[in-house]
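One file, protein.tsv, is given below (TSV, C-alpha atoms).
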```
chain	number	residue	atom	x	y	z
A	1	MET	CA	-7.18	-14.99	6.49
A	2	SER	CA	-9.72	-12.22	6.63
A	3	GLU	CA	-11.37	-13.79	9.70
A	4	HIS	CA	-8.13	-13.32	11.60
A	5	ALA	CA	-7.87	-9.74	10.40
A	6	ALA	CA	-11.44	-9.02	11.47
A	7	GLU	CA	-10.85	-10.14	15.05
A	8	LEU	CA	-7.95	-7.79	15.69
A	9	PRO	CA	-8.34	-4.04	16.24
A	10	PRO	CA	-7.07	-1.80	13.41
A	11	GLU	CA	-4.23	-0.22	15.44
A	12	LEU	CA	-2.89	-3.68	16.28
A	13	ARG	CA	-3.10	-4.73	12.64
A	14	ALA	CA	-1.23	-1.58	11.60
A	15	PHE	CA	1.45	-2.21	14.26
A	16	LEU	CA	1.89	-5.84	13.19
A	17	HIS	CA	1.98	-4.87	9.52
A	18	SER	CA	4.71	-2.30	10.00
A	19	CYS	CA	6.87	-3.79	12.77
A	20	ILE	CA	6.51	-7.56	12.88
A	21	GLU	CA	7.51	-9.94	10.13
A	22	THR	CA	7.17	-13.46	11.50
A	23	ILE	CA	5.50	-15.55	14.19
A	24	GLU	CA	8.93	-16.11	15.74
A	25	GLN	CA	9.29	-12.38	16.26
A	26	VAL	CA	5.95	-12.17	18.03
A	27	GLU	CA	6.90	-14.99	20.40
A	28	LEU	CA	10.35	-13.48	20.94
A	29	LEU	CA	8.89	-10.09	21.75
A	30	MET	CA	6.39	-11.59	24.18
A	31	MET	CA	9.11	-13.59	25.94
A	32	LEU	CA	11.38	-10.55	26.29
A	33	ARG	CA	8.48	-8.47	27.53
A	34	GLY	CA	7.97	-10.95	30.32
A	35	SER	CA	11.30	-10.21	31.99
A	36	GLU	CA	13.72	-7.41	32.81
A	37	ARG	CA	16.82	-9.44	32.04
A	38	PHE	CA	19.20	-8.71	29.18
A	39	ARG	CA	19.48	-11.68	26.88
A	40	THR	CA	22.05	-12.54	24.26
A	41	ALA	CA	21.30	-14.02	20.87
A	42	ARG	CA	22.86	-17.28	22.04
A	43	GLU	CA	20.50	-17.54	25.04
A	44	VAL	CA	17.49	-16.75	22.88
A	45	ALA	CA	18.54	-19.38	20.33
A	46	THR	CA	18.82	-22.00	23.08
A	47	GLU	CA	15.44	-21.13	24.51
A	48	PHE	CA	13.69	-21.19	21.16
A	49	ARG	CA	15.73	-24.07	19.81
A	50	SER	CA	16.69	-22.09	16.73
A	51	SER	CA	20.01	-21.03	15.26
A	52	PRO	CA	21.92	-18.11	16.86
A	53	ALA	CA	22.05	-16.38	13.49
A	54	ARG	CA	18.26	-16.45	13.20
A	55	ALA	CA	17.86	-15.27	16.76
A	56	ARG	CA	20.30	-12.41	16.20
A	57	ALA	CA	18.52	-11.37	12.98
A	58	ASP	CA	15.15	-11.27	14.75
A	59	LEU	CA	16.59	-9.40	17.73
A	60	GLU	CA	18.27	-6.85	15.46
A	61	THR	CA	15.04	-6.36	13.53
A	62	LEU	CA	13.02	-5.75	16.68
A	63	ALA	CA	15.72	-3.42	18.01
A	64	ALA	CA	15.72	-1.48	14.74
A	65	ARG	CA	11.97	-0.96	15.15
A	66	GLY	CA	12.57	0.67	18.51
A	67	LEU	CA	11.19	-2.16	20.62
A	68	LEU	CA	14.36	-3.38	22.31
A	69	GLU	CA	17.25	-1.84	24.19
A	70	VAL	CA	20.67	-2.98	23.04
A	71	ARG	CA	23.67	-3.38	25.34
A	72	VAL	CA	26.99	-3.74	23.60
A	73	GLY	CA	29.67	-5.75	25.32
A	74	ASP	CA	31.56	-9.01	24.90
A	75	GLU	CA	28.28	-10.26	23.63
A	76	THR	CA	25.51	-7.96	22.48
A	77	ALA	CA	22.50	-8.32	24.74
A	78	TYR	CA	18.93	-7.19	24.30
A	79	ARG	CA	16.10	-6.25	26.63
A	80	TYR	CA	12.49	-5.26	26.11
A	81	ARG	CA	12.27	-1.46	26.20
A	82	PRO	CA	10.03	0.33	23.68
A	83	LYS	CA	11.40	3.71	22.66
A	84	THR	CA	8.08	5.55	22.74
A	85	GLU	CA	4.84	5.54	24.71
A	86	GLU	CA	2.99	4.64	21.56
A	87	LEU	CA	5.12	1.57	20.89
A	88	ALA	CA	4.68	0.45	24.49
A	89	ARG	CA	0.95	0.80	24.11
A	90	TYR	CA	0.94	-1.28	20.93
A	91	CYS	CA	3.03	-3.98	22.62
A	92	ASP	CA	0.60	-4.07	25.54
A	93	LEU	CA	-2.24	-4.39	23.06
A	94	LEU	CA	-0.39	-7.19	21.32
A	95	ALA	CA	0.26	-8.94	24.64
A	96	GLN	CA	-3.42	-8.69	25.53
A	97	HIS	CA	-4.47	-10.30	22.27
A	98	TYR	CA	-1.61	-12.77	22.44
A	99	ILE	CA	-3.19	-14.13	25.60
A	100	MET	CA	-6.83	-13.87	24.61
A	101	ALA	CA	-6.71	-14.61	20.88
A	102	ARG	CA	-3.34	-16.15	20.09
A	103	GLN	CA	-4.61	-17.97	17.01
A	104	ALA	CA	-5.91	-14.73	15.53
A	105	VAL	CA	-2.63	-12.89	16.15
A	106	LEU	CA	-0.36	-15.64	14.82
A	107	GLY	CA	-2.71	-16.36	11.93
A	108	PHE	CA	-2.68	-12.72	10.93
A	109	VAL	CA	1.11	-12.48	11.11
A	110	ALA	CA	1.58	-15.73	9.20
A	111	THR	CA	-0.55	-14.67	6.28
A	112	GLU	CA	0.42	-11.01	6.52
A	113	SER	CA	4.09	-11.79	6.12
A	114	ARG	CA	3.48	-14.00	3.15
A	115	LEU	CA	1.16	-11.49	1.56
A	116	SER	CA	2.83	-9.72	-1.30
A	117	ALA	CA	0.82	-6.66	-0.33
A	118	LYS	CA	3.33	-6.05	2.43
A	119	ARG	CA	6.18	-6.42	-0.04
A	120	PHE	CA	4.42	-3.94	-2.34
A	121	ALA	CA	4.13	-1.40	0.48
A	122	ASP	CA	7.72	-1.98	1.59
A	123	ALA	CA	8.96	-1.22	-1.93
A	124	PHE	CA	7.97	2.41	-1.39
A	125	LYS	CA	10.09	2.89	1.70
A	126	LEU	CA	12.94	4.93	0.34
A	127	ARG	CA	15.27	4.44	3.27
A	128	LYS	CA	15.40	0.83	4.36
A	129	PRO	CA	16.26	-0.23	7.89
A	130	ASP	CA	19.51	-2.21	7.75
A	131	GLU	CA	18.84	-5.70	6.61
B	132	MET	CA	1.82	23.66	-19.03
B	133	ALA	CA	0.55	20.60	-20.83
B	134	THR	CA	4.13	19.42	-21.25
B	135	ALA	CA	4.72	19.64	-17.51
B	136	VAL	CA	1.58	17.61	-16.82
B	137	TYR	CA	2.51	14.78	-19.18
B	138	LEU	CA	6.15	14.70	-18.08
B	139	LEU	CA	5.27	14.60	-14.39
B	140	CYS	CA	2.89	11.69	-14.99
B	141	MET	CA	5.60	9.87	-16.93
B	142	LEU	CA	8.26	10.48	-14.29
B	143	THR	CA	5.99	9.35	-11.45
B	144	SER	CA	5.14	6.11	-13.27
B	145	ALA	CA	8.82	5.46	-13.98
B	146	PHE	CA	9.68	6.20	-10.34
B	147	CYS	CA	7.12	3.67	-9.10
B	148	ALA	CA	8.41	1.10	-11.58
B	149	ILE	CA	11.98	1.60	-10.35
B	150	LEU	CA	11.03	1.25	-6.67
B	151	LEU	CA	9.03	-1.91	-7.33
B	152	LEU	CA	11.81	-3.43	-9.45
B	153	ARG	CA	14.34	-2.63	-6.74
B	154	GLU	CA	12.23	-4.52	-4.20
B	155	TYR	CA	11.72	-7.36	-6.68
B	156	ARG	CA	15.48	-7.75	-7.02
B	157	ARG	CA	15.84	-7.91	-3.25
B	158	ALA	CA	13.46	-10.89	-3.09
B	159	PRO	CA	11.16	-11.90	-5.93
B	160	ALA	CA	7.38	-11.74	-5.58
B	161	ARG	CA	5.00	-11.95	-8.47
B	162	LEU	CA	2.96	-8.89	-7.54
B	163	LEU	CA	6.16	-6.80	-7.54
B	164	LEU	CA	7.10	-8.04	-11.00
B	165	TRP	CA	3.72	-7.48	-12.61
B	166	SER	CA	3.07	-4.14	-10.94
B	167	SER	CA	6.49	-2.82	-11.95
B	168	VAL	CA	5.93	-3.89	-15.58
B	169	SER	CA	2.51	-2.23	-15.32
B	170	PHE	CA	4.07	1.06	-14.20
B	171	ILE	CA	6.60	0.86	-17.02
B	172	ALA	CA	3.66	0.57	-19.41
B	173	TRP	CA	2.05	3.61	-17.76
B	174	ALA	CA	5.30	5.52	-18.26
B	175	VAL	CA	5.31	4.50	-21.93
B	176	ASN	CA	1.67	5.54	-22.21
B	177	ASN	CA	2.40	8.97	-20.74
B	178	ALA	CA	5.40	9.36	-23.05
B	179	LEU	CA	3.18	8.52	-26.02
B	180	VAL	CA	0.65	11.13	-24.87
B	181	PHE	CA	3.48	13.67	-24.76
B	182	ILE	CA	4.62	12.73	-28.27
B	183	ASP	CA	1.11	12.60	-29.65
B	184	LEU	CA	-0.22	15.85	-28.25
B	185	VAL	CA	2.84	18.07	-27.87
B	186	ILE	CA	5.54	17.02	-30.29
B	187	LEU	CA	3.61	15.76	-33.30
B	188	PRO	CA	-0.01	16.82	-32.81
B	189	VAL	CA	-1.04	16.88	-36.46
B	190	ALA	CA	1.29	14.51	-38.22
B	191	ILE	CA	0.12	11.27	-36.61
B	192	ASP	CA	-2.67	10.12	-34.36
B	193	LEU	CA	-1.45	7.74	-31.67
B	194	SER	CA	-4.74	7.52	-29.78
B	195	LEU	CA	-5.29	3.83	-30.54
B	196	VAL	CA	-1.74	2.87	-29.59
B	197	ARG	CA	-2.00	4.90	-26.39
B	198	ALA	CA	-5.27	3.27	-25.45
B	199	LEU	CA	-3.87	-0.22	-26.08
B	200	VAL	CA	-0.78	0.51	-23.99
B	201	ALA	CA	-2.96	1.83	-21.16
B	202	LEU	CA	-5.12	-1.28	-21.40
B	203	SER	CA	-2.01	-3.46	-21.18
B	204	ALA	CA	-0.80	-1.50	-18.17
B	205	VAL	CA	-3.99	-1.94	-16.18
B	206	SER	CA	-4.38	-5.57	-17.27
B	207	LEU	CA	-0.86	-6.44	-16.09
B	208	LEU	CA	-1.55	-4.81	-12.74
B	209	LEU	CA	-4.84	-6.66	-12.34
B	210	TYR	CA	-3.16	-9.93	-13.29
B	211	GLY	CA	-0.54	-9.40	-10.60
B	212	LEU	CA	-3.13	-8.43	-8.01
B	213	ILE	CA	-5.38	-11.39	-8.74
B	214	VAL	CA	-2.85	-14.21	-8.95
B	215	ASP	CA	-0.70	-13.10	-6.08
B	216	ALA	CA	-2.92	-11.51	-3.47
B	217	ALA	CA	-3.92	-14.41	-1.28
C	218	MET	CA	-12.25	3.42	-37.91
C	219	ILE	CA	-11.59	1.47	-34.74
C	220	ASN	CA	-13.62	2.86	-31.88
C	221	VAL	CA	-10.96	4.01	-29.43
C	222	PRO	CA	-13.38	5.04	-26.65
C	223	PHE	CA	-14.17	1.33	-26.25
C	224	PHE	CA	-10.66	0.85	-24.94
C	225	HIS	CA	-10.96	3.93	-22.74
C	226	GLY	CA	-13.97	2.31	-21.08
C	227	ALA	CA	-12.07	-0.94	-20.58
C	228	VAL	CA	-9.14	0.90	-19.00
C	229	ALA	CA	-11.51	2.86	-16.75
C	230	MET	CA	-13.08	-0.38	-15.55
C	231	GLY	CA	-9.67	-1.95	-14.95
C	232	CYS	CA	-8.55	1.05	-12.89
C	233	VAL	CA	-11.67	0.92	-10.74
C	234	ILE	CA	-11.11	-2.78	-10.01
C	235	ALA	CA	-7.44	-2.21	-9.22
C	236	GLY	CA	-8.57	0.49	-6.79
C	237	VAL	CA	-10.86	-2.00	-5.09
C	238	PHE	CA	-7.91	-4.39	-4.61
C	239	PHE	CA	-5.87	-1.62	-3.03
C	240	LEU	CA	-8.81	-0.76	-0.79
C	241	ARG	CA	-8.86	-4.35	0.43
C	242	PHE	CA	-5.12	-4.20	1.18
C	243	TRP	CA	-5.80	-1.04	3.20
C	244	GLN	CA	-8.59	-2.70	5.10
C	245	GLN	CA	-6.27	-5.59	6.08
C	246	SER	CA	-3.13	-3.65	6.99
C	247	ARG	CA	-4.37	-0.11	7.63
C	248	ASP	CA	-1.37	1.12	5.65
C	249	ARG	CA	-2.45	4.48	4.25
C	250	LEU	CA	-0.29	3.96	1.18
C	251	PHE	CA	-2.92	1.56	-0.12
C	252	LEU	CA	-5.64	4.14	0.46
C	253	ARG	CA	-3.67	6.61	-1.65
C	254	PHE	CA	-3.15	4.05	-4.41
C	255	ALA	CA	-6.85	3.18	-4.37
C	256	SER	CA	-7.87	6.83	-4.75
C	257	ALA	CA	-5.19	7.37	-7.38
C	258	PHE	CA	-6.48	4.52	-9.52
C	259	TRP	CA	-10.08	5.62	-9.09
C	260	ILE	CA	-9.15	9.13	-10.21
C	261	LEU	CA	-7.26	7.62	-13.13
C	262	GLY	CA	-10.34	5.56	-13.95
C	263	LEU	CA	-12.42	8.72	-13.87
C	264	SER	CA	-10.07	10.40	-16.35
C	265	TYR	CA	-10.42	7.47	-18.75
C	266	ALA	CA	-14.17	7.44	-18.29
C	267	LEU	CA	-14.23	11.11	-19.23
C	268	LEU	CA	-12.04	10.45	-22.26
C	269	GLY	CA	-14.31	7.65	-23.38
C	270	LEU	CA	-17.66	9.27	-22.71
C	271	LEU	CA	-17.17	12.81	-23.85
C	272	ALA	CA	-16.02	14.11	-27.20
C	273	PHE	CA	-13.33	16.61	-26.35
C	274	ALA	CA	-12.09	19.28	-28.69
C	275	THR	CA	-8.31	19.21	-28.74
C	276	GLU	CA	-7.88	22.31	-26.57
C	277	PHE	CA	-9.96	20.86	-23.74
C	278	ARG	CA	-8.18	17.55	-23.57
C	279	VAL	CA	-5.56	19.13	-21.33
C	280	TYR	CA	-8.17	19.38	-18.57
C	281	VAL	CA	-8.73	15.66	-18.61
C	282	PHE	CA	-5.01	15.18	-18.31
C	283	VAL	CA	-4.97	17.46	-15.28
C	284	VAL	CA	-7.31	14.91	-13.70
C	285	ARG	CA	-4.74	12.26	-14.59
C	286	LEU	CA	-2.04	14.42	-13.03
C	287	LEU	CA	-4.07	14.47	-9.81
C	288	ALA	CA	-3.99	10.68	-9.80
C	289	PHE	CA	-0.20	10.56	-10.10
C	290	CYS	CA	0.19	13.33	-7.53
C	291	MET	CA	-1.88	11.21	-5.17
C	292	ILE	CA	0.61	8.39	-5.63
C	293	LEU	CA	3.54	10.72	-4.96
C	294	TYR	CA	1.76	12.04	-1.88
C	295	GLY	CA	1.27	8.48	-0.64
C	296	ILE	CA	4.96	7.72	-1.06
C	297	VAL	CA	6.03	10.92	0.71
C	298	GLU	CA	3.52	10.29	3.50
C	299	LYS	CA	4.75	6.74	3.99
C	300	ASN	CA	8.37	7.83	4.29
C	301	ARG	CA	7.62	10.66	6.67
C	302	ARG	CA	5.72	8.40	9.02
C	303	GLU	CA	8.40	5.71	9.26
```
Will you turn the file into C-alpha cells for me?
Amino acid sequence: MSEHAAELPPELRAFLHSCIETIEQVELLMMLRGSERFRTAREVATEFRSSPARARADLETLAARGLLEVRVGDETAYRYRPKTEELARYCDLLAQHYIMARQAVLGFVATESRLSAKRFADAFKLRKPDE
Amino acid sequence: MATAVYLLCMLTSAFCAILLLREYRRAPARLLLWSSVSFIAWAVNNALVFIDLVILPVAIDLSLVRALVALSAVSLLLYGLIVDAA
Amino acid sequence: MINVPFFHGAVAMGCVIAGVFFLRFWQQSRDRLFLRFASAFWILGLSYALLGLLAFATEFRVYVFVVRLLAFCMILYGIVEKNRRE
C-alpha cells in the first residue's frame, strides 16, 4: 500500500483522499472528462455494466464534490465541469497519472477507501455532504 | 482558572467521542469504535482530575485511579490503531 | 505505596506512539487533521512525562495541566481547520 502512496505526488493523494471514494468513481470521472456530452445515470450504468442506482450514487457524489455539472430535466444528466481552477488542475493531474501509472492510482484508491483512517478523518466533518 | 482548564479538556474529549461514535453508527469500523471509547476514557480521566484537584483536593487522592484510566485510554486507542490500520 | 509515576511514564509512551500512527496517516493522505492529532498526542505525552519525571508541589501542577490544555486545543483547532477547508 505504501508503495502506491509513494509514487503519487502529495497534492494528488490529498485530492483522492478528500474527493474520491472508489475505483469506480475514478474511472467514471476519467470517462466523463473525455467528452463534452451530458450523460444520464442510465447511460453510465449501461457503459460500466453496473446498476443505475450505483451509477447515480457515484455521479451525485462527484457532483457534490464540485467536479460535475448537473442538468435537471426528464432525466438528470451530468457532465464533467470542475467548479474551480484548483479542482480542474487536480483532475488533470489525476488524468496524467491515470495514463502513466494507473496501477498506482487505483491501488491507492482501493486501499485508501478501505483504510479506517479515512473514516476517522471523516468523523470530524461536522456538516456532511448529502449521502 | 484551573477549573476552566480541566473542564475544557473534558468537553473536548467528550466531543471527539461523540463525533467518532456518530460516524461509527453510520457504518461500523473498528478504529472508530476503539478511538471513541478511548476518548470517553479521556473525558472520564479529565473529570477525575477536576474532582481530585478542585472539588475534593484533601479528602481523597485519586492519582492512581486517574493514571490507570489514562493508561486505559491510550491503550484502547493504540489497540484500535494497530489492529485496524492496514 | 504504589508508584504512580510509573503509569505516567507508560501513558507518555503510549501517547508518543499514537502520535506516530497519526503522523503516518498524515503522510499517506496529507490530511492536516492527522498532523494536528499527532502534535496533540505528543504534547499530551509531554505533559505525562513531566508529571512522571518531576515532583510537583500542588500549586504548580496547574501548569502541567495547561500543557494538557494545549494538546486538547490542538485537537479543537484541527477540527475547526478541517471544517473550514471543506
With the cut-off set at 10 Å and counting all atoms listed in the file, tabulate each residue of chain C with an atom at most that distance from an atom of segment 206-212 of chain B, showing the nearest atom pair and its distance in Å to one decimal, ordered by chain and increasing number, as CSV.
```
residue,atom,partner,partner_atom,distance
C:Ala227,CA,B:Ser206,CA,9.6
C:Val228,CA,B:Ser206,CA,8.2
C:Gly231,CA,B:Ser206,CA,6.8
C:Cys232,CA,B:Leu209,CA,8.6
C:Ile234,CA,B:Leu209,CA,7.7
C:Ala235,CA,B:Leu209,CA,6.0
C:Gly236,CA,B:Leu209,CA,9.8
C:Phe238,CA,B:Leu212,CA,7.1
C:Phe239,CA,B:Leu212,CA,8.9
```
Please, could you write that set of residues out with C-alpha atoms as a PDB file, in the frame of the given file?
```
ATOM      1  CA  ALA C 227     -12.070  -0.940 -20.580  1.00  0.00           C
ATOM      2  CA  VAL C 228      -9.140   0.900 -19.000  1.00  0.00           C
ATOM      3  CA  GLY C 231      -9.670  -1.950 -14.950  1.00  0.00           C
ATOM      4  CA  CYS C 232      -8.550   1.050 -12.890  1.00  0.00           C
ATOM      5  CA  ILE C 234     -11.110  -2.780 -10.010  1.00  0.00           C
ATOM      6  CA  ALA C 235      -7.440  -2.210  -9.220  1.00  0.00           C
ATOM      7  CA  GLY C 236      -8.570   0.490  -6.790  1.00  0.00           C
ATOM      8  CA  PHE C 238      -7.910  -4.390  -4.610  1.00  0.00           C
ATOM      9  CA  PHE C 239      -5.870  -1.620  -3.030  1.00  0.00           C
TER      10      PHE C 239
END
```
Worksheet item: Counting all atoms listed in the file, which residues from chain B have an atom at most 10 Å from any atom of chain C, and could you show them as number ranges by chain?
Response: B: 132-144, 146-147, 177, 180, 184, 188, 194-210, 212-213, 216
Export C-alpha atoms of the chosen residues as a PDB file, in the coordinates of the input?
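Everything below was put into out.pdb:
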```
ATOM      1  CA  MET B 132       1.820  23.660 -19.030  1.00  0.00           C
ATOM      2  CA  ALA B 133       0.550  20.600 -20.830  1.00  0.00           C
ATOM      3  CA  THR B 134       4.130  19.420 -21.250  1.00  0.00           C
ATOM      4  CA  ALA B 135       4.720  19.640 -17.510  1.00  0.00           C
ATOM      5  CA  VAL B 136       1.580  17.610 -16.820  1.00  0.00           C
ATOM      6  CA  TYR B 137       2.510  14.780 -19.180  1.00  0.00           C
ATOM      7  CA  LEU B 138       6.150  14.700 -18.080  1.00  0.00           C
ATOM      8  CA  LEU B 139       5.270  14.600 -14.390  1.00  0.00           C
ATOM      9  CA  CYS B 140       2.890  11.690 -14.990  1.00  0.00           C
ATOM     10  CA  MET B 141       5.600   9.870 -16.930  1.00  0.00           C
ATOM     11  CA  LEU B 142       8.260  10.480 -14.290  1.00  0.00           C
ATOM     12  CA  THR B 143       5.990   9.350 -11.450  1.00  0.00           C
ATOM     13  CA  SER B 144       5.140   6.110 -13.270  1.00  0.00           C
ATOM     14  CA  PHE B 146       9.680   6.200 -10.340  1.00  0.00           C
ATOM     15  CA  CYS B 147       7.120   3.670  -9.100  1.00  0.00           C
ATOM     16  CA  ASN B 177       2.400   8.970 -20.740  1.00  0.00           C
ATOM     17  CA  VAL B 180       0.650  11.130 -24.870  1.00  0.00           C
ATOM     18  CA  LEU B 184      -0.220  15.850 -28.250  1.00  0.00           C
ATOM     19  CA  PRO B 188      -0.010  16.820 -32.810  1.00  0.00           C
ATOM     20  CA  SER B 194      -4.740   7.520 -29.780  1.00  0.00           C
ATOM     21  CA  LEU B 195      -5.290   3.830 -30.540  1.00  0.00           C
ATOM     22  CA  VAL B 196      -1.740   2.870 -29.590  1.00  0.00           C
ATOM     23  CA  ARG B 197      -2.000   4.900 -26.390  1.00  0.00           C
ATOM     24  CA  ALA B 198      -5.270   3.270 -25.450  1.00  0.00           C
ATOM     25  CA  LEU B 199      -3.870  -0.220 -26.080  1.00  0.00           C
ATOM     26  CA  VAL B 200      -0.780   0.510 -23.990  1.00  0.00           C
ATOM     27  CA  ALA B 201      -2.960   1.830 -21.160  1.00  0.00           C
ATOM     28  CA  LEU B 202      -5.120  -1.280 -21.400  1.00  0.00           C
ATOM     29  CA  SER B 203      -2.010  -3.460 -21.180  1.00  0.00           C
ATOM     30  CA  ALA B 204      -0.800  -1.500 -18.170  1.00  0.00           C
ATOM     31  CA  VAL B 205      -3.990  -1.940 -16.180  1.00  0.00           C
ATOM     32  CA  SER B 206      -4.380  -5.570 -17.270  1.00  0.00           C
ATOM     33  CA  LEU B 207      -0.860  -6.440 -16.090  1.00  0.00           C
ATOM     34  CA  LEU B 208      -1.550  -4.810 -12.740  1.00  0.00           C
ATOM     35  CA  LEU B 209      -4.840  -6.660 -12.340  1.00  0.00           C
ATOM     36  CA  TYR B 210      -3.160  -9.930 -13.290  1.00  0.00           C
ATOM     37  CA  LEU B 212      -3.130  -8.430  -8.010  1.00  0.00           C
ATOM     38  CA  ILE B 213      -5.380 -11.390  -8.740  1.00  0.00           C
ATOM     39  CA  ALA B 216      -2.920 -11.510  -3.470  1.00  0.00           C
TER      40      ALA B 216
END
```
Could you please select, counting all atoms listed in the file, the residues of chain C within 8 Å of chain A and state them as a JSON list (two decimals) with C-alpha atoms, keeping the file's coordinate frame?
```json
[["chain", "number", "residue", "atom", "x", "y", "z"],
["C", 242, "PHE", "CA", -5.12, -4.20, 1.18],
["C", 245, "GLN", "CA", -6.27, -5.59, 6.08],
["C", 246, "SER", "CA", -3.13, -3.65, 6.99],
["C", 247, "ARG", "CA", -4.37, -0.11, 7.63],
["C", 248, "ASP", "CA", -1.37, 1.12, 5.65],
["C", 250, "LEU", "CA", -0.29, 3.96, 1.18],
["C", 251, "PHE", "CA", -2.92, 1.56, -0.12],
["C", 296, "ILE", "CA", 4.96, 7.72, -1.06],
["C", 299, "LYS", "CA", 4.75, 6.74, 3.99],
["C", 300, "ASN", "CA", 8.37, 7.83, 4.29]]
```
Practice prompt. Rounded to one decimal place, report the atom CA of Glu27 of chain A-atom CA of Asp215 of chain B distance in Å.
Written response: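 According to the coordinates, atom CA of Glu27 of chain A and atom CA of Asp215 of chain B are separated by 27.6 Å.
Using all atoms listed in the file, the nearest neighbour of chain B within the list A:Ala110, A:Leu8, A:Leu62, A:Ala41 is A:Ala110.
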Worksheet item: For Ala77 of chain A, which of A:Arg49, A:Arg42, A:Arg89, A:Arg54 is the closest residue, counting all atoms listed in the file?
Response: A:Arg42
Within 12 Å of (13.2, -6.3, -5.9) (coordinates as in the file), grab all the protein and nucleic acid residues, counting only C-alpha atoms, and write them out as a compact mmCIF listing (two decimals) with C-alpha atoms, in the frame of the given file.
```
# COMPACT_ATOMS: atom_id res chain seq x y z
CA SER A 116 2.83 -9.72 -1.30
CA ARG A 119 6.18 -6.42 -0.04
CA PHE A 120 4.42 -3.94 -2.34
CA ASP A 122 7.72 -1.98 1.59
CA ALA A 123 8.96 -1.22 -1.93
CA PHE A 124 7.97 2.41 -1.39
CA ALA B 148 8.41 1.10 -11.58
CA ILE B 149 11.98 1.60 -10.35
CA LEU B 150 11.03 1.25 -6.67
CA LEU B 151 9.03 -1.91 -7.33
CA LEU B 152 11.81 -3.43 -9.45
CA ARG B 153 14.34 -2.63 -6.74
CA GLU B 154 12.23 -4.52 -4.20
CA TYR B 155 11.72 -7.36 -6.68
CA ARG B 156 15.48 -7.75 -7.02
CA ARG B 157 15.84 -7.91 -3.25
CA ALA B 158 13.46 -10.89 -3.09
CA PRO B 159 11.16 -11.90 -5.93
CA ALA B 160 7.38 -11.74 -5.58
CA ARG B 161 5.00 -11.95 -8.47
CA LEU B 162 2.96 -8.89 -7.54
CA LEU B 163 6.16 -6.80 -7.54
CA LEU B 164 7.10 -8.04 -11.00
CA TRP B 165 3.72 -7.48 -12.61
CA SER B 166 3.07 -4.14 -10.94
CA SER B 167 6.49 -2.82 -11.95
```
Discussion item. So that I can see what lies close to Thr40 of chain A, please list as a count of residues only the residues with an atom at most 8 Å from it, counting all atoms listed in the file and leaving out residues fewer than 4 positions away in the same chain.
Written reply: 5
Discussion item. For a test of reading the model, state the distance in Å between atom CA of Ile23 of chain A and atom CA of Ser51 of chain A, rounded to one decimal.
Written reply: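 Taking atom CA of Ile23 of chain A and atom CA of Ser51 of chain A, their separation equals 15.5 Å.
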Item to complete: State, in Å with one decimal place, the distance from atom CA of Leu252 of chain C to atom CA of Val297 of chain C.
Response: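 Distance between the two atoms: 13.5 Å.
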